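A.B. asks: Please find one structure pasted underneath; my questions will follow.
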Amino acid sequence: MSHSDAVTFSSDERVMERALELAGRGRGLVEPNPMVGAVIVDGQRRLIAEGWHQRFGGPHAEVNALKAAGPIPAGATLFVTLEPCSHHGKTPPCADAVIAAGFERTVIGCQDPAPHVAGRGIARLRNTGMVVDVGVCETLAQELIAPFRMVQTERRPWVHAKWAMTLDGRIATRSGHSQWISNADSRGYVHQLRGRMDAILTAAGTVRADNPQLTARPAGMRTALRVVLDRTGESLTADCHLVQTARQTPVLLAADRAALGDQMRGQLEQAGVEIFFTSGDTRTARVASLLEELGRRQCTNVLLEAGPGLLGACLDAGVIDEVHAFVAPKLVGGADAKSPIDGVGRDRIPELSSLEDVRVQPFGTDTLIHGRMQRRDEIRPD
Ligand SMILES: NC(=O)c1ccc[n+]([C@@H]2O[C@H](COP(=O)([O-])OP(=O)(O)OC[C@H]3O[C@@H](n4cnc5c(N)ncnc54)[C@H](OP(=O)(O)O)[C@@H]3O)[C@@H](O)[C@H]2O)c1
């Protein structure tokens with residue numbers, strides 16, 4: 001491409017937006033690493049090369065962009081959505097590659113929250129005299145790596161809650177029947193979501209009522225660990241789908257050490273079900289101990305596909321990070337029909353958590369309401 005044909009960006013923000021778009025191509029492929037994108041431009045902000053982190057264990061975004069660029073001309077700038085790493089991991093430090101390429105300026109979306117980086121990559125670049133600007137499109141750059149940051153700083157995965165409800169806000173009839181409230185298009189979206197998760201969480205009530213498979217069909221980029229919270233393990237009967245398929249797609253039972261009988265434990269292990277013992281006396285404490293374990297296993301994104309019992313425990317524990325709620329134009333009625341979330345809940349309206357960046361999307365006659373949960377520390381009573 002000659003210089004006259006080259007894409008020219010009108011501002012630093014436009015270049016960073018392109019880098020963020022490229023980063024998103026790694027979704028579902030790079031975790032537990034963060035998604036990262038990089039763009040190299042010349043002194044007139046004309047595009048020289050682009051790159052992104054394409055798969056876990058593969059070269060980082062900066063290195064891919066450098067490879068595509070060839071020799072870097074004087075006056076070129078590197079735009080990268082996340083601070084270049086400064087340590088030897090699966091690949092050598094990107095900060096060294098950026099320095100060696102001879103950039104006069106690097107523009108960074110946000111600092112890396114990983115404790116072993118956390119500003120060290122930026123310092124390394126600045127120590128060479130390079131101009132380093134941090135924080136261009138910072139909000140978007142932070143949002144992109146929110147699940148990664150959660151694992152790095154809070155040592156637990158990012159939790160997506162999904163449910164399908166009727167127009168009168170019920171997720172099952174008074175008899176517990178719920179299949180299917182949402183339509184085939186909505187369920188197709190859920191299969192895609194499952195295909196980029198590290199784990200799918202459910203609990204005893206849903207296993208008993210729905211006998212779910214909790215697999216992505218067709219298969220996605222990742223195969224999620226299927227996790228069941230059940231203190232006694234009794235919902236996992238020998239003929240349920242999860243037990244029947246545990247040798248093909250892993251199942252983890254999160255049980256209570258004192259409540260799970262030896263015989264049940266033996267049968268489940270024989271069938272290929274792995275067992276983890278939660279700690280704590282309350283539902284919220286048990287959820288927290290399970291999430292901590294999943295964080296230890298480097299799970300980045302987990303999907304909550306459960307009934308009101310587990311969704312309520314997760315909301316009370318403050319661990320729902322993102323919501324995917326389908327509303328179907330159907331009415332079920334009945335005082336005993338279940339609503340999506342039990343638990344303790346809140347007393348007063350100003351205490352409610354709201355969704356941010358809400359997106360409303362039609363799926364045939366269903367509607368998906370999607371957003372990220374506002375953090376508790378961001379909620380200001382009126
Ligand atoms: N429409 C939808 O999107 C959708 C999705 C899923 C389910 N459903 C419907 O939801 C209904 C089931 O509701 P549910 O509330 O019984 O389901 P659930 O939340 O899946 O299961 C709750 C059960 O799990 C046990 N559990 C174990 N550890 C727990 C923990 N840490 N936190 C919370 N619960 C824990 C609870 O017993 P303990 O007392 O031992 O804690 C309780 O019996 C069914 O009718 C199903 O069809 C609808």
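Residues in the structure tokens are numbered from 1 in each chain, the chains being A, B, ... in the order shown, and ligands are numbered from 1 in the order shown.
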Each residue of chain A with at least one atom at most 7 Å from ligand 1 should appear once, together with its nearest atom pair and the corresponding distance in Å (one decimal); atoms considered: only C-alpha atoms and all ligand atoms; ordering: chain, then increasing residue number; output as JSON lines.
C.D. replies:
```
{"residue": "A:Lys162", "atom": "CA", "partner": "ligand 1", "partner_atom_place_in_ligand_line": "3 (O)", "distance": 6.7}
{"residue": "A:Trp163", "atom": "CA", "partner": "ligand 1", "partner_atom_place_in_ligand_line": "3 (O)", "distance": 3.5}
{"residue": "A:Ala164", "atom": "CA", "partner": "ligand 1", "partner_atom_place_in_ligand_line": "3 (O)", "distance": 3.9}
{"residue": "A:Met165", "atom": "CA", "partner": "ligand 1", "partner_atom_place_in_ligand_line": "1 (N)", "distance": 5.5}
{"residue": "A:Ile171", "atom": "CA", "partner": "ligand 1", "partner_atom_place_in_ligand_line": "1 (N)", "distance": 3.8}
{"residue": "A:Ala172", "atom": "CA", "partner": "ligand 1", "partner_atom_place_in_ligand_line": "45 (O)", "distance": 5.0}
{"residue": "A:Gly176", "atom": "CA", "partner": "ligand 1", "partner_atom_place_in_ligand_line": "45 (O)", "distance": 3.4}
{"residue": "A:His177", "atom": "CA", "partner": "ligand 1", "partner_atom_place_in_ligand_line": "47 (O)", "distance": 5.3}
{"residue": "A:Ser178", "atom": "CA", "partner": "ligand 1", "partner_atom_place_in_ligand_line": "47 (O)", "distance": 4.5}
{"residue": "A:Ile181", "atom": "CA", "partner": "ligand 1", "partner_atom_place_in_ligand_line": "1 (N)", "distance": 6.3}
{"residue": "A:Thr202", "atom": "CA", "partner": "ligand 1", "partner_atom_place_in_ligand_line": "20 (O)", "distance": 5.3}
{"residue": "A:Ala203", "atom": "CA", "partner": "ligand 1", "partner_atom_place_in_ligand_line": "20 (O)", "distance": 3.8}
{"residue": "A:Ala204", "atom": "CA", "partner": "ligand 1", "partner_atom_place_in_ligand_line": "24 (O)", "distance": 4.0}
{"residue": "A:Gly205", "atom": "CA", "partner": "ligand 1", "partner_atom_place_in_ligand_line": "16 (O)", "distance": 3.4}
{"residue": "A:Thr206", "atom": "CA", "partner": "ligand 1", "partner_atom_place_in_ligand_line": "20 (O)", "distance": 3.8}
{"residue": "A:Val207", "atom": "CA", "partner": "ligand 1", "partner_atom_place_in_ligand_line": "20 (O)", "distance": 6.7}
{"residue": "A:Ala209", "atom": "CA", "partner": "ligand 1", "partner_atom_place_in_ligand_line": "44 (C)", "distance": 5.1}
{"residue": "A:Asp210", "atom": "CA", "partner": "ligand 1", "partner_atom_place_in_ligand_line": "47 (O)", "distance": 5.4}
{"residue": "A:Leu229", "atom": "CA", "partner": "ligand 1", "partner_atom_place_in_ligand_line": "28 (N)", "distance": 4.4}
{"residue": "A:Asp230", "atom": "CA", "partner": "ligand 1", "partner_atom_place_in_ligand_line": "27 (C)", "distance": 4.0}
{"residue": "A:Arg231", "atom": "CA", "partner": "ligand 1", "partner_atom_place_in_ligand_line": "27 (C)", "distance": 5.3}
{"residue": "A:Arg283", "atom": "CA", "partner": "ligand 1", "partner_atom_place_in_ligand_line": "31 (N)", "distance": 3.7}
{"residue": "A:Thr284", "atom": "CA", "partner": "ligand 1", "partner_atom_place_in_ligand_line": "31 (N)", "distance": 5.8}
{"residue": "A:Arg286", "atom": "CA", "partner": "ligand 1", "partner_atom_place_in_ligand_line": "31 (N)", "distance": 4.8}
{"residue": "A:Val287", "atom": "CA", "partner": "ligand 1", "partner_atom_place_in_ligand_line": "31 (N)", "distance": 4.7}
{"residue": "A:Glu305", "atom": "CA", "partner": "ligand 1", "partner_atom_place_in_ligand_line": "6 (C)", "distance": 5.5}
{"residue": "A:Ala306", "atom": "CA", "partner": "ligand 1", "partner_atom_place_in_ligand_line": "6 (C)", "distance": 3.9}
{"residue": "A:Gly307", "atom": "CA", "partner": "ligand 1", "partner_atom_place_in_ligand_line": "17 (O)", "distance": 3.4}
{"residue": "A:Pro308", "atom": "CA", "partner": "ligand 1", "partner_atom_place_in_ligand_line": "15 (O)", "distance": 4.0}
{"residue": "A:Gly309", "atom": "CA", "partner": "ligand 1", "partner_atom_place_in_ligand_line": "19 (O)", "distance": 3.4}
{"residue": "A:Leu310", "atom": "CA", "partner": "ligand 1", "partner_atom_place_in_ligand_line": "33 (C)", "distance": 3.5}
{"residue": "A:Leu311", "atom": "CA", "partner": "ligand 1", "partner_atom_place_in_ligand_line": "19 (O)", "distance": 6.1}
{"residue": "A:Ala313", "atom": "CA", "partner": "ligand 1", "partner_atom_place_in_ligand_line": "32 (N)", "distance": 5.0}
{"residue": "A:Lys338", "atom": "CA", "partner": "ligand 1", "partner_atom_place_in_ligand_line": "11 (C)", "distance": 6.9}
```
A.B. asks: Mind running range 286-372 of chain A against range 19-40 of chain A at 9 Å and telling me each contacting residue's nearest atom pair with the distance in Å (one decimal), counting only C-alpha atoms, chain and number ascending, as JSON lines?
C.D. replies:
```
{"residue": "A:Gln298", "atom": "CA", "partner": "A:Pro32", "partner_atom": "CA", "distance": 6.2}
{"residue": "A:Cys299", "atom": "CA", "partner": "A:Pro32", "partner_atom": "CA", "distance": 6.8}
{"residue": "A:Thr300", "atom": "CA", "partner": "A:Pro32", "partner_atom": "CA", "distance": 5.8}
{"residue": "A:Asn301", "atom": "CA", "partner": "A:Glu31", "partner_atom": "CA", "distance": 8.6}
```
A.B. asks: Just the number, please: distance in Å from CA of Val327 in chain A to CA of Leu368 in chain A, one decimal.
C.D. replies: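 We find that CA of Val327 in chain A and CA of Leu368 in chain A lie 6.4 Å from each other.
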A.B. asks: Closest to Thr106 in chain A among A:Arg126, A:Arg18, A:Arg174, A:His87, using only C-alpha atoms?
C.D. replies: A:Arg126
A.B. asks: Taking only C-alpha atoms into account, which of A:Gly121, A:Gly371, A:Gly58, A:Pro362 comes nearest His324 in chain A?
C.D. replies: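 Selected residue with least distance to His324 in chain A: A:Gly371.
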A.B. asks: Write down as a ChimeraX atom specification the residues belonging to range 103-321 of chain A that are assigned helix (DSSP H, G or I) by DSSP computed on the backbone.
C.D. replies: /A:120-126,138-144,146-154,184-194,204-210,241-244,262-271,283-296,308-317
A.B. asks: Which is closest to Arg222 in chain A among A:Ala146, A:Val117, A:Val302, A:Ala317, if we use only C-alpha atoms?
C.D. replies: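 Of A:Ala146, A:Val117, A:Val302, A:Ala317, the one nearest Arg222 in chain A, counting only C-alpha atoms, is A:Val302.
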A.B. asks: Pick out the residues sitting within 7 Å of range 257-260 of chain A, and hand them over as a list in words; count only C-alpha atoms, and ignore anything fewer than 4 positions along from it in its own chain.
C.D. replies: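 Result of the neighbour search: Arg231, Thr232, Gly233, Met264, Arg265 and Phe277 of chain A.
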A.B. asks: Could you tell me how far CA of Leu225 in chain A sits from CA of Pro250 in chain A, in Å to one decimal place?
C.D. replies: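 Straight-line distance from CA of Pro250 in chain A to CA of Leu225 in chain A works out to 5.4 Å.
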A.B. asks: Report the residues of range 101-317 of chain A whose backbone DSSP state falls under strand (DSSP E or B), written as a PyMOL selection string.
C.D. replies: chain A and resi 105-110+131-134+158-166+199-203+225-229+251-255+274-277+301-304
A.B. asks: Can you list, as a PyMOL selection string, every protein, DNA or RNA residue that comes within 8 Å of Leu125 in chain A when you count only C-alpha atoms, leaving out same-chain residues fewer than 5 positions away?
C.D. replies: chain A and resi 95+98-99+130+132
A.B. asks: Taking 2 positions as the minimum chain separation for residues in the same chain, which residues sit within 10 Å of Leu294 in chain A when counting only C-alpha atoms? Answer as JSON, numbers by chain.
C.D. replies: {"A": [151, 155, 156, 157, 198, 199, 225, 227, 288, 289, 290, 291, 292, 296, 297, 298, 299, 300, 301, 302]}
A.B. asks: So how far away is CA of Leu144 in chain A from CA of Glu13 in chain A, in Å?
C.D. replies: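 Spanning CA of Glu13 in chain A to CA of Leu144 in chain A is a straight-line distance of 15.5 Å.
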